[in-house]
file final_13.cif (mmCIF, C-alpha atoms and all ligand atoms)
data_input
loop_
_atom_site.label_atom_id
_atom_site.label_comp_id
_atom_site.auth_asym_id
_atom_site.auth_seq_id
_atom_site.Cartn_x
_atom_site.Cartn_y
_atom_site.Cartn_z
CA MET Y 1 131.98 100.78 157.33
CA TYR Y 2 132.22 98.57 154.28
CA GLN Y 3 135.33 98.46 152.12
CA TYR Y 4 133.25 99.23 149.05
CA GLN Y 5 136.22 99.32 146.66
CA SER Y 6 137.29 95.77 147.47
CA LEU Y 7 133.64 94.68 147.36
CA LEU Y 8 133.37 96.09 143.83
CA GLU Y 9 136.51 94.23 142.79
CA CYS Y 10 135.03 91.01 144.09
CA ILE Y 11 131.72 91.75 142.32
CA GLU Y 12 133.48 92.42 139.03
CA ALA Y 13 135.31 89.08 139.23
CA HIS Y 14 131.99 87.35 139.92
CA SER Y 15 130.10 89.20 137.15
CA ARG Y 16 132.58 89.13 134.24
CA PRO Y 17 131.59 85.60 133.08
CA PHE Y 18 127.96 86.80 132.81
CA VAL Y 19 128.89 89.67 130.46
CA ALA Y 20 128.88 87.18 127.55
CA GLN Y 21 125.36 85.95 128.35
CA GLY Y 22 122.23 87.36 126.72
CA ALA Y 23 121.91 89.60 123.67
CA VAL Y 24 122.29 93.30 122.97
CA ALA Y 25 119.00 95.09 122.19
CA ASN Y 26 118.69 95.51 118.44
CA TYR Y 27 115.11 96.74 118.00
CA ILE Y 28 116.69 100.21 118.12
CA PRO Y 29 119.40 99.68 115.44
CA ALA Y 30 121.80 102.30 116.83
CA LEU Y 31 121.86 100.49 120.18
CA ALA Y 32 123.18 97.32 118.55
CA GLU Y 33 126.39 99.14 117.61
CA VAL Y 34 127.82 99.30 121.14
CA ASP Y 35 130.69 97.12 122.35
CA PRO Y 36 128.78 94.21 123.97
CA ASP Y 37 131.63 93.27 126.32
CA ARG Y 38 131.53 96.37 128.47
CA PHE Y 39 131.09 96.20 132.21
CA SER Y 40 131.20 99.09 134.66
CA MET Y 41 129.79 99.79 138.09
CA ALA Y 42 129.83 102.78 140.45
CA LEU Y 43 128.59 103.29 143.99
CA VAL Y 44 127.99 106.75 145.48
CA THR Y 45 127.43 106.98 149.22
CA VAL Y 46 125.21 109.57 150.90
CA ASP Y 47 128.32 111.21 152.34
CA GLY Y 48 129.77 111.74 148.87
CA GLN Y 49 132.27 108.91 148.49
CA VAL Y 50 132.51 107.42 145.00
CA PHE Y 51 133.71 103.89 144.30
CA SER Y 52 133.89 102.40 140.84
CA ILE Y 53 135.15 99.50 138.76
CA GLY Y 54 135.45 98.57 135.07
CA ASP Y 55 135.09 100.75 132.03
CA THR Y 56 133.93 103.84 133.91
CA HIS Y 57 134.89 106.46 131.30
CA THR Y 58 132.76 105.19 128.45
CA ARG Y 59 129.31 106.75 128.18
CA PHE Y 60 126.13 104.90 127.19
CA THR Y 61 122.56 106.03 126.62
CA ILE Y 62 120.54 105.62 129.78
CA GLN Y 63 117.30 104.51 128.05
CA SER Y 64 114.53 103.65 130.51
CA VAL Y 65 116.57 104.69 133.52
CA SER Y 66 115.61 108.21 132.38
CA LYS Y 67 111.99 107.40 133.33
CA VAL Y 68 112.88 107.98 136.98
CA MET Y 69 113.97 111.56 136.25
CA THR Y 70 110.89 112.16 134.11
CA LEU Y 71 108.74 111.07 137.03
CA THR Y 72 110.73 113.22 139.46
CA LEU Y 73 110.32 116.37 137.35
CA ALA Y 74 106.61 115.64 136.84
CA LEU Y 75 106.02 115.03 140.57
CA GLN Y 76 107.69 118.36 141.33
CA ARG Y 77 105.08 120.06 139.14
CA TYR Y 78 101.93 117.97 139.69
CA GLY Y 79 102.29 116.28 143.07
CA GLU Y 80 99.54 113.74 143.77
CA SER Y 81 97.38 114.83 140.82
CA LEU Y 82 99.81 113.08 138.45
CA TRP Y 83 98.31 109.77 139.57
CA GLU Y 84 95.05 110.56 137.81
CA ARG Y 85 96.88 109.83 134.56
CA VAL Y 86 99.16 106.92 135.46
CA GLY Y 87 98.85 104.06 137.95
CA LYS Y 88 101.08 102.66 140.68
CA GLU Y 89 100.69 98.94 140.05
CA PRO Y 90 103.20 96.44 138.62
CA SER Y 91 102.31 95.62 135.03
CA GLY Y 92 103.30 91.96 134.78
CA THR Y 93 103.70 92.56 131.05
CA ALA Y 94 106.57 93.62 128.78
CA PHE Y 95 107.82 97.20 129.03
CA ASN Y 96 106.32 98.10 125.65
CA SER Y 97 103.13 96.03 125.88
CA ILE Y 98 100.03 97.50 124.28
CA THR Y 99 97.22 95.08 125.23
CA GLN Y 100 96.86 96.09 128.88
CA LEU Y 101 96.52 99.74 127.88
CA GLU Y 102 93.46 98.93 125.80
CA PHE Y 103 91.77 96.99 128.61
CA GLU Y 104 92.54 99.69 131.14
CA LYS Y 105 91.21 102.56 129.03
CA GLY Y 106 94.42 104.40 128.31
CA ILE Y 107 95.71 104.64 131.91
CA PRO Y 108 99.15 102.94 132.02
CA ARG Y 109 99.87 100.68 134.99
CA ASN Y 110 102.91 102.62 136.23
CA PRO Y 111 105.38 105.37 135.18
CA PHE Y 112 108.23 102.94 134.45
CA ILE Y 113 106.77 101.07 131.48
CA ASN Y 114 106.89 102.88 128.14
CA ALA Y 115 103.23 103.97 128.09
CA GLY Y 116 103.51 105.32 131.64
CA ALA Y 117 106.69 107.23 130.89
CA ILE Y 118 105.27 108.64 127.66
CA VAL Y 119 102.15 109.97 129.41
CA THR Y 120 104.39 111.43 132.14
CA CYS Y 121 106.41 113.13 129.36
CA ASP Y 122 103.14 114.51 127.99
CA ALA Y 123 102.28 115.95 131.43
CA LEU Y 124 105.75 117.48 131.71
CA TYR Y 125 105.49 118.89 128.20
CA SER Y 126 102.39 120.85 129.27
CA ARG Y 127 104.17 122.52 132.21
CA VAL Y 128 107.76 123.06 131.00
CA SER Y 129 108.56 125.46 128.16
CA ALA Y 130 111.78 123.74 127.01
CA PRO Y 131 111.41 120.14 128.26
CA ILE Y 132 114.47 118.62 126.56
CA HIS Y 133 116.70 121.41 127.80
CA SER Y 134 115.23 121.13 131.32
CA MET Y 135 115.88 117.40 131.40
CA LEU Y 136 119.47 117.85 130.21
CA GLU Y 137 120.00 120.54 132.85
CA ALA Y 138 118.67 118.20 135.55
CA PHE Y 139 121.18 115.53 134.55
CA ARG Y 140 123.99 118.06 134.18
CA THR Y 141 123.61 119.55 137.63
CA GLN Y 142 122.83 116.28 139.38
CA SER Y 143 125.65 114.31 137.80
CA ALA Y 144 128.13 117.17 138.31
CA ASN Y 145 129.01 117.27 134.61
CA ALA Y 146 127.95 120.41 132.74
CA LYS Y 147 128.75 118.71 129.43
CA VAL Y 148 126.15 115.93 129.46
CA ILE Y 149 124.67 115.55 125.97
CA ILE Y 150 122.11 113.57 124.01
CA ASP Y 151 123.35 110.89 121.61
CA LYS Y 152 121.56 112.29 118.57
CA LYS Y 153 122.17 109.16 116.48
CA VAL Y 154 120.40 106.96 119.04
CA ALA Y 155 117.55 109.48 119.46
CA ALA Y 156 117.07 109.63 115.68
CA SER Y 157 117.18 105.83 115.39
CA GLU Y 158 114.53 105.53 118.11
CA TYR Y 159 112.36 108.11 116.38
CA GLU Y 160 112.67 106.34 113.05
CA HIS Y 161 111.58 103.07 114.67
CA ARG Y 162 108.98 104.66 116.92
CA HIS Y 163 105.90 102.77 115.71
CA ARG Y 164 105.08 100.85 118.88
CA ASN Y 165 105.69 103.83 121.17
CA ALA Y 166 103.65 105.99 118.78
CA ALA Y 167 100.86 103.42 118.95
CA LEU Y 168 100.89 103.62 122.77
CA ALA Y 169 100.68 107.43 122.63
CA HIS Y 170 97.88 107.43 120.07
CA LEU Y 171 95.93 104.85 122.06
CA MET Y 172 96.18 107.06 125.14
CA LYS Y 173 95.09 110.04 123.06
CA SER Y 174 92.04 108.11 121.85
CA PHE Y 175 91.09 107.63 125.53
CA GLY Y 176 91.60 111.33 126.29
CA ASN Y 177 94.76 110.74 128.34
CA PHE Y 178 97.18 112.73 126.16
CA ASP Y 179 97.19 116.50 125.71
CA ASN Y 180 100.00 117.47 123.35
CA HIS Y 181 101.14 116.64 119.85
CA VAL Y 182 102.18 112.96 119.83
CA GLU Y 183 105.24 113.45 117.62
CA GLU Y 184 106.59 116.31 119.74
CA VAL Y 185 106.19 114.38 122.99
CA LEU Y 186 107.82 111.30 121.44
CA LYS Y 187 110.81 113.38 120.35
CA ALA Y 188 111.21 114.57 123.94
CA TYR Y 189 110.80 111.02 125.27
CA PHE Y 190 113.45 109.60 122.89
CA SER Y 191 115.82 112.47 123.71
CA TYR Y 192 115.58 111.60 127.42
CA CYS Y 193 116.26 107.92 126.64
CA ALA Y 194 119.30 108.93 124.54
CA ILE Y 195 120.99 111.03 127.25
CA GLU Y 196 124.55 109.78 127.58
CA LEU Y 197 126.24 109.26 130.94
CA ASN Y 198 129.01 107.12 132.29
CA VAL Y 199 128.30 104.88 135.23
CA ILE Y 200 129.67 107.31 137.84
CA GLU Y 201 127.53 110.15 136.47
CA LEU Y 202 124.50 107.87 136.47
CA ALA Y 203 124.96 106.94 140.13
CA LYS Y 204 125.49 110.60 141.05
CA ALA Y 205 122.43 111.74 139.09
CA TYR Y 206 120.24 109.42 141.15
CA SER Y 207 122.01 109.86 144.47
CA TYR Y 208 119.00 111.86 145.76
CA LEU Y 209 117.01 108.60 145.83
CA SER Y 210 119.21 107.28 148.64
CA ASN Y 211 119.47 110.67 150.35
CA HIS Y 212 115.86 111.59 151.28
CA GLY Y 213 115.39 113.51 148.02
CA PHE Y 214 118.43 115.76 148.47
CA CYS Y 215 121.04 115.90 145.69
CA GLN Y 216 124.48 116.64 147.12
CA TYR Y 217 125.85 117.62 143.69
CA SER Y 218 123.24 120.20 142.71
CA ASN Y 219 122.54 121.12 146.34
CA GLN Y 220 118.82 120.82 145.65
CA GLN Y 221 115.99 119.14 147.51
CA LEU Y 222 114.42 117.47 144.46
CA LEU Y 223 111.61 115.68 146.22
CA SER Y 224 110.43 115.64 149.82
CA SER Y 225 111.63 112.80 151.99
CA ARG Y 226 108.10 111.32 151.86
CA GLN Y 227 107.91 111.55 148.06
CA THR Y 228 111.34 109.91 147.78
CA LYS Y 229 110.20 106.98 149.92
CA GLN Y 230 107.09 106.64 147.75
CA LEU Y 231 109.14 106.76 144.53
CA ASN Y 232 111.48 104.08 145.90
CA SER Y 233 108.44 101.94 146.77
CA LEU Y 234 107.25 102.15 143.17
CA LEU Y 235 110.73 101.30 141.88
CA PHE Y 236 110.74 98.28 144.16
CA THR Y 237 107.46 96.96 142.76
CA SER Y 238 107.78 98.05 139.10
CA GLY Y 239 111.29 99.22 138.22
CA LEU Y 240 112.34 96.04 136.41
CA TYR Y 241 109.14 95.42 134.45
CA ASP Y 242 107.89 91.87 134.81
CA ALA Y 243 111.15 90.84 136.49
CA ALA Y 244 110.53 93.21 139.42
CA GLY Y 245 109.58 90.33 141.73
CA ASP Y 246 112.71 88.35 140.95
CA PHE Y 247 114.88 91.46 141.37
CA ALA Y 248 113.18 92.24 144.71
CA TYR Y 249 113.87 88.68 145.84
CA ARG Y 250 117.49 88.54 144.70
CA VAL Y 251 118.63 92.14 145.23
CA GLY Y 252 116.07 93.56 147.66
CA MET Y 253 116.57 97.18 146.57
CA PRO Y 254 114.45 99.61 144.58
CA GLY Y 255 115.87 99.58 141.04
CA LYS Y 256 115.39 100.72 137.46
CA SER Y 257 116.74 99.15 134.30
CA GLY Y 258 117.06 100.19 130.66
CA VAL Y 259 117.63 98.41 127.35
CA SER Y 260 121.17 99.78 127.06
CA GLY Y 261 122.03 97.41 129.91
CA ALA Y 262 122.08 100.12 132.57
CA ILE Y 263 120.56 99.51 136.00
CA ILE Y 264 120.43 101.71 139.09
CA ALA Y 265 119.63 100.44 142.57
CA VAL Y 266 119.09 102.30 145.82
CA ALA Y 267 120.04 101.48 149.40
CA PRO Y 268 118.06 104.22 151.21
CA GLY Y 269 120.20 106.19 153.67
CA ARG Y 270 123.37 104.51 152.38
CA PHE Y 271 124.13 104.63 148.65
CA THR Y 272 122.97 104.65 145.04
CA VAL Y 273 124.68 102.17 142.74
CA ALA Y 274 124.74 102.05 138.94
CA VAL Y 275 125.94 99.22 136.71
CA GLN Y 276 126.06 98.80 132.94
CA SER Y 277 126.68 95.84 130.67
CA PRO Y 278 124.86 95.70 127.31
CA ARG Y 279 123.74 92.09 126.91
CA LEU Y 280 120.16 91.59 128.09
CA ASP Y 281 118.00 88.71 129.24
CA LYS Y 282 114.66 88.01 127.53
CA ILE Y 283 112.84 90.58 129.67
CA GLY Y 284 115.27 93.34 128.69
CA ASN Y 285 117.48 93.58 131.78
CA SER Y 286 121.28 93.36 131.80
CA VAL Y 287 122.35 89.82 132.73
CA ALA Y 288 125.70 90.84 134.24
CA GLY Y 289 124.11 93.93 135.82
CA ILE Y 290 121.60 91.87 137.75
CA GLU Y 291 124.28 89.40 138.78
CA ALA Y 292 126.46 92.26 140.03
CA LEU Y 293 123.66 93.80 142.09
CA ALA Y 294 122.63 90.43 143.51
CA LYS Y 295 126.24 89.84 144.55
CA LEU Y 296 126.46 93.29 146.14
CA SER Y 297 123.29 92.64 148.11
CA GLU Y 298 124.64 89.27 149.26
CA LEU Y 299 128.05 90.66 150.26
CA ILE Y 300 126.66 93.52 152.35
CA ASP Y 301 123.78 91.37 153.58
CA PHE Y 302 121.35 94.05 152.47
CA ASN Y 303 117.77 93.77 153.59
CA ALA Y 304 115.28 96.61 153.54
CA PHE Y 305 112.95 94.72 155.86
N1 LIG L 401 113.90 103.98 124.43
C1 LIG L 401 113.44 102.66 124.75
C2 LIG L 401 112.05 102.43 124.16
O1 LIG L 401 111.28 103.36 124.18
C3 LIG L 401 113.43 102.48 126.23
C4 LIG L 401 112.98 101.11 126.64
C5 LIG L 401 113.76 100.54 127.79
O2 LIG L 401 114.86 100.95 128.11
N2 LIG L 401 113.22 99.50 128.37
O3 LIG L 401 111.72 101.39 123.69
#
call {"tool": "encode", "arguments": {"input": "final_13.cif", "output": "structure tokens"}}
result
Amino acid sequence: MYQYQSLLECIEAHSRPFVAQGAVANYIPALAEVDPDRFSMALVTVDGQVFSIGDTHTRFTIQSVSKVMTLTLALQRYGESLWERVGKEPSGTAFNSITQLEFEKGIPRNPFINAGAIVTCDALYSRVSAPIHSMLEAFRTQSANAKVIIDKKVAASEYEHRHRNAALAHLMKSFGNFDNHVEEVLKAYFSYCAIELNVIELAKAYSYLSNHGFCQYSNQQLLSSRQTKQLNSLLFTSGLYDAAGDFAYRVGMPGKSGVSGAIIAVAPGRFTVAVQSPRLDKIGNSVAGIEALAKLSELIDFNAF
């Protein structure tokens, strides 16, 4: 059994110098207002132990890490038929790229880039009567905090600066791959991105990914064991946009990042880990977050193969 708490202390000491590297995302103005020097990390084991380090009380918006929950809720309702509307391949382009979508006739490469998440939101919107409420409830029960809320200022800022995401949605609509009102679906999408959690809640919310689809906090089987393996496979190949290969090489775990500097990673059968530090590299991933996860992988000699 690993001494996870002392490992986290060692990882924090290693990662702190990297917190100053990179730049906070500012294309969503409200995101640029966060304290850039934050660092926090939490690890939740499949038997319910929680280890954490750093500024664990402060909440941040989870941004693209929400795409994993969107996919989970959509898979619960559509199963395999969801893949008629979104692919399973790495994109090799930026998370908000528009060119590939034109060439590929409105079918996004995977559910973890913006276009793929937006079309998944559209699918969810068709099957869930109160999608924003349902998403909040999922995070509340799975993170064991009934008070989880949306940062309305961030959601409004994203909506105000929505042009590129709106373009992606309209392009998909022009190809017949979008059923609902674009503005309504975008509002839902931005609300999911603006859900606020601290790093412990984030690790708990995604603990089902390391536990065969079972969430120990909500006591729910969210996905089958097979679906969970498949979702983890997709996270491994596409969770960090066009840095997925580098992350696979350095960290070796399925992972998902967001522009708030949050990253989750999964050691199947062992733990889910979450880290957050706002400054990003050029691809949009937290510099210190990636360093921390690479160090964790090195210290526990993790290898999925
Ligand atoms: N809300 C962000 C956007 O739509 C999410 C992007 C991200 O975290 N990579 O641009």
call {"tool": "residues_near_ligand", "arguments": {"input": "final_13.cif", "ligand": "ligand LIG 401 (chain L)", "cutoff": "7 Å", "atoms": "all atoms listed in the file", "output": "PyMOL selection string"}}
result
chain Y and resi 63-65+95-96+114+158+165+190+193+257-260+284
call {"tool": "residues_around", "arguments": {"input": "final_13.cif", "residues": "Gln142 in chain Y", "least_positions_apart": "3", "cutoff": "9 Å", "atoms": "only C-alpha atoms", "output": "VMD selection string"}}
result
chain Y and resid 137 to 139 145 201 204 to 208 215 to 220
call {"tool": "atom_distance", "arguments": {"input": "final_13.cif", "atom1": "CA of Thr99 in chain Y", "atom2": "CA of Leu168 in chain Y"}}
result
9.6 Å
call {"tool": "closest_residue", "arguments": {"input": "final_13.cif", "among": "Y:Glu33, Y:Asp47, Y:Asp55, Y:Glu9", "to": "Phe271 in chain Y", "atoms": "all atoms listed in the file"}}
result
Y:Asp47
call {"tool": "closest_residue", "arguments": {"input": "final_13.cif", "among": "Y:Ser15, Y:Asn211, Y:Asn110, Y:His161", "to": "Lys295 in chain Y", "atoms": "all atoms listed in the file"}}
result
Y:Ser15
call {"tool": "closest_atom_pairs", "arguments": {"input": "final_13.cif", "of": "range 59-124 of chain Y", "to": "range 224-227 of chain Y", "cutoff": "10 Å", "atoms": "all atoms listed in the file", "output": "tab-separated table"}}
result
residue	atom	partner	partner_atom	distance
Y:Thr72	CA	Y:Gln227	CA	9.2
Y:Leu75	CA	Y:Gln227	CA	8.5
Y:Gln76	CA	Y:Ser224	CA	9.3
Y:Gly79	CA	Y:Gln227	CA	8.9
Y:Glu80	CA	Y:Gln227	CA	9.7
call {"tool": "decode", "arguments": {"input": "final_13.cif", "residues": "range 119-144 of chain Y", "atoms": "N, CA, C and O atoms", "output": "PDB file, in the first residue's frame"}}
result
ATOM      1  N   VAL Y 119     -22.250  18.640 -29.353  1.00  0.00           N
ATOM      2  CA  VAL Y 119     -23.230  17.742 -29.982  1.00  0.00           C
ATOM      3  C   VAL Y 119     -23.751  16.720 -28.959  1.00  0.00           C
ATOM      4  O   VAL Y 119     -24.925  16.324 -28.993  1.00  0.00           O
ATOM      5  N   THR Y 120     -22.898  16.325 -28.020  1.00  0.00           N
ATOM      6  CA  THR Y 120     -23.346  15.414 -26.951  1.00  0.00           C
ATOM      7  C   THR Y 120     -24.353  16.137 -26.050  1.00  0.00           C
ATOM      8  O   THR Y 120     -25.340  15.540 -25.607  1.00  0.00           O
ATOM      9  N   CYS Y 121     -24.120  17.427 -25.803  1.00  0.00           N
ATOM     10  CA  CYS Y 121     -25.085  18.233 -25.035  1.00  0.00           C
ATOM     11  C   CYS Y 121     -26.415  18.311 -25.771  1.00  0.00           C
ATOM     12  O   CYS Y 121     -27.483  18.279 -25.149  1.00  0.00           O
ATOM     13  N   ASP Y 122     -26.336  18.437 -27.103  1.00  0.00           N
ATOM     14  CA  ASP Y 122     -27.563  18.500 -27.903  1.00  0.00           C
ATOM     15  C   ASP Y 122     -28.343  17.179 -27.755  1.00  0.00           C
ATOM     16  O   ASP Y 122     -29.566  17.187 -27.557  1.00  0.00           O
ATOM     17  N   ALA Y 123     -27.634  16.062 -27.818  1.00  0.00           N
ATOM     18  CA  ALA Y 123     -28.285  14.757 -27.661  1.00  0.00           C
ATOM     19  C   ALA Y 123     -28.941  14.657 -26.283  1.00  0.00           C
ATOM     20  O   ALA Y 123     -30.097  14.235 -26.149  1.00  0.00           O
ATOM     21  N   LEU Y 124     -28.219  15.101 -25.262  1.00  0.00           N
ATOM     22  CA  LEU Y 124     -28.737  15.043 -23.895  1.00  0.00           C
ATOM     23  C   LEU Y 124     -29.964  15.938 -23.753  1.00  0.00           C
ATOM     24  O   LEU Y 124     -30.965  15.575 -23.111  1.00  0.00           O
ATOM     25  N   TYR Y 125     -29.892  17.088 -24.372  1.00  0.00           N
ATOM     26  CA  TYR Y 125     -30.988  18.061 -24.320  1.00  0.00           C
ATOM     27  C   TYR Y 125     -32.288  17.447 -24.851  1.00  0.00           C
ATOM     28  O   TYR Y 125     -33.378  17.747 -24.355  1.00  0.00           O
ATOM     29  N   SER Y 126     -32.170  16.573 -25.834  1.00  0.00           N
ATOM     30  CA  SER Y 126     -33.363  15.935 -26.428  1.00  0.00           C
ATOM     31  C   SER Y 126     -34.004  14.911 -25.494  1.00  0.00           C
ATOM     32  O   SER Y 126     -35.173  14.605 -25.626  1.00  0.00           O
ATOM     33  N   ARG Y 127     -33.216  14.361 -24.554  1.00  0.00           N
ATOM     34  CA  ARG Y 127     -33.733  13.257 -23.731  1.00  0.00           C
ATOM     35  C   ARG Y 127     -33.954  13.614 -22.266  1.00  0.00           C
ATOM     36  O   ARG Y 127     -34.471  12.796 -21.507  1.00  0.00           O
ATOM     37  N   VAL Y 128     -33.505  14.815 -21.848  1.00  0.00           N
ATOM     38  CA  VAL Y 128     -33.600  15.174 -20.425  1.00  0.00           C
ATOM     39  C   VAL Y 128     -34.419  16.458 -20.310  1.00  0.00           C
ATOM     40  O   VAL Y 128     -34.114  17.439 -20.993  1.00  0.00           O
ATOM     41  N   SER Y 129     -35.435  16.461 -19.461  1.00  0.00           N
ATOM     42  CA  SER Y 129     -36.327  17.631 -19.434  1.00  0.00           C
ATOM     43  C   SER Y 129     -35.666  18.864 -18.799  1.00  0.00           C
ATOM     44  O   SER Y 129     -35.896  19.979 -19.230  1.00  0.00           O
ATOM     45  N   ALA Y 130     -34.839  18.672 -17.783  1.00  0.00           N
ATOM     46  CA  ALA Y 130     -34.160  19.819 -17.158  1.00  0.00           C
ATOM     47  C   ALA Y 130     -32.657  19.518 -17.140  1.00  0.00           C
ATOM     48  O   ALA Y 130     -32.094  19.126 -16.111  1.00  0.00           O
ATOM     49  N   PRO Y 131     -31.982  19.685 -18.293  1.00  0.00           N
ATOM     50  CA  PRO Y 131     -30.591  19.204 -18.391  1.00  0.00           C
ATOM     51  C   PRO Y 131     -29.619  19.866 -17.416  1.00  0.00           C
ATOM     52  O   PRO Y 131     -28.749  19.184 -16.862  1.00  0.00           O
ATOM     53  N   ILE Y 132     -29.756  21.184 -17.200  1.00  0.00           N
ATOM     54  CA  ILE Y 132     -28.790  21.839 -16.304  1.00  0.00           C
ATOM     55  C   ILE Y 132     -28.971  21.322 -14.876  1.00  0.00           C
ATOM     56  O   ILE Y 132     -28.004  20.986 -14.183  1.00  0.00           O
ATOM     57  N   HIS Y 133     -30.229  21.197 -14.472  1.00  0.00           N
ATOM     58  CA  HIS Y 133     -30.515  20.678 -13.140  1.00  0.00           C
ATOM     59  C   HIS Y 133     -29.996  19.229 -13.007  1.00  0.00           C
ATOM     60  O   HIS Y 133     -29.388  18.874 -11.988  1.00  0.00           O
ATOM     61  N   SER Y 134     -30.217  18.426 -14.039  1.00  0.00           N
ATOM     62  CA  SER Y 134     -29.766  17.022 -13.978  1.00  0.00           C
ATOM     63  C   SER Y 134     -28.247  16.936 -13.845  1.00  0.00           C
ATOM     64  O   SER Y 134     -27.725  16.096 -13.099  1.00  0.00           O
ATOM     65  N   MET Y 135     -27.559  17.805 -14.581  1.00  0.00           N
ATOM     66  CA  MET Y 135     -26.098  17.789 -14.503  1.00  0.00           C
ATOM     67  C   MET Y 135     -25.626  18.204 -13.111  1.00  0.00           C
ATOM     68  O   MET Y 135     -24.752  17.563 -12.521  1.00  0.00           O
ATOM     69  N   LEU Y 136     -26.234  19.264 -12.575  1.00  0.00           N
ATOM     70  CA  LEU Y 136     -25.871  19.702 -11.226  1.00  0.00           C
ATOM     71  C   LEU Y 136     -26.118  18.587 -10.210  1.00  0.00           C
ATOM     72  O   LEU Y 136     -25.287  18.329  -9.332  1.00  0.00           O
ATOM     73  N   GLU Y 137     -27.268  17.923 -10.355  1.00  0.00           N
ATOM     74  CA  GLU Y 137     -27.595  16.823  -9.433  1.00  0.00           C
ATOM     75  C   GLU Y 137     -26.558  15.714  -9.522  1.00  0.00           C
ATOM     76  O   GLU Y 137     -26.166  15.124  -8.510  1.00  0.00           O
ATOM     77  N   ALA Y 138     -26.115  15.409 -10.752  1.00  0.00           N
ATOM     78  CA  ALA Y 138     -25.094  14.355 -10.917  1.00  0.00           C
ATOM     79  C   ALA Y 138     -23.840  14.739 -10.138  1.00  0.00           C
ATOM     80  O   ALA Y 138     -23.280  13.933  -9.381  1.00  0.00           O
ATOM     81  N   PHE Y 139     -23.402  15.984 -10.289  1.00  0.00           N
ATOM     82  CA  PHE Y 139     -22.194  16.408  -9.570  1.00  0.00           C
ATOM     83  C   PHE Y 139     -22.430  16.482  -8.064  1.00  0.00           C
ATOM     84  O   PHE Y 139     -21.531  16.188  -7.283  1.00  0.00           O
ATOM     85  N   ARG Y 140     -23.636  16.883  -7.679  1.00  0.00           N
ATOM     86  CA  ARG Y 140     -23.909  16.967  -6.231  1.00  0.00           C
ATOM     87  C   ARG Y 140     -23.847  15.597  -5.579  1.00  0.00           C
ATOM     88  O   ARG Y 140     -23.193  15.430  -4.542  1.00  0.00           O
ATOM     89  N   THR Y 141     -24.522  14.627  -6.170  1.00  0.00           N
ATOM     90  CA  THR Y 141     -24.550  13.310  -5.520  1.00  0.00           C
ATOM     91  C   THR Y 141     -23.190  12.627  -5.621  1.00  0.00           C
ATOM     92  O   THR Y 141     -22.711  12.033  -4.657  1.00  0.00           O
ATOM     93  N   GLN Y 142     -22.532  12.782  -6.766  1.00  0.00           N
ATOM     94  CA  GLN Y 142     -21.272  12.062  -6.942  1.00  0.00           C
ATOM     95  C   GLN Y 142     -20.096  12.697  -6.223  1.00  0.00           C
ATOM     96  O   GLN Y 142     -19.104  12.024  -5.961  1.00  0.00           O
ATOM     97  N   SER Y 143     -20.201  13.983  -5.916  1.00  0.00           N
ATOM     98  CA  SER Y 143     -19.086  14.607  -5.190  1.00  0.00           C
ATOM     99  C   SER Y 143     -19.395  14.702  -3.702  1.00  0.00           C
ATOM    100  O   SER Y 143     -18.609  15.243  -2.939  1.00  0.00           O
ATOM    101  N   ALA Y 144     -20.568  14.180  -3.311  1.00  0.00           N
ATOM    102  CA  ALA Y 144     -20.983  14.190  -1.906  1.00  0.00           C
ATOM    103  C   ALA Y 144     -21.091  15.605  -1.349  1.00  0.00           C
ATOM    104  O   ALA Y 144     -20.762  15.856  -0.200  1.00  0.00           O
TER     105      ALA Y 144
END
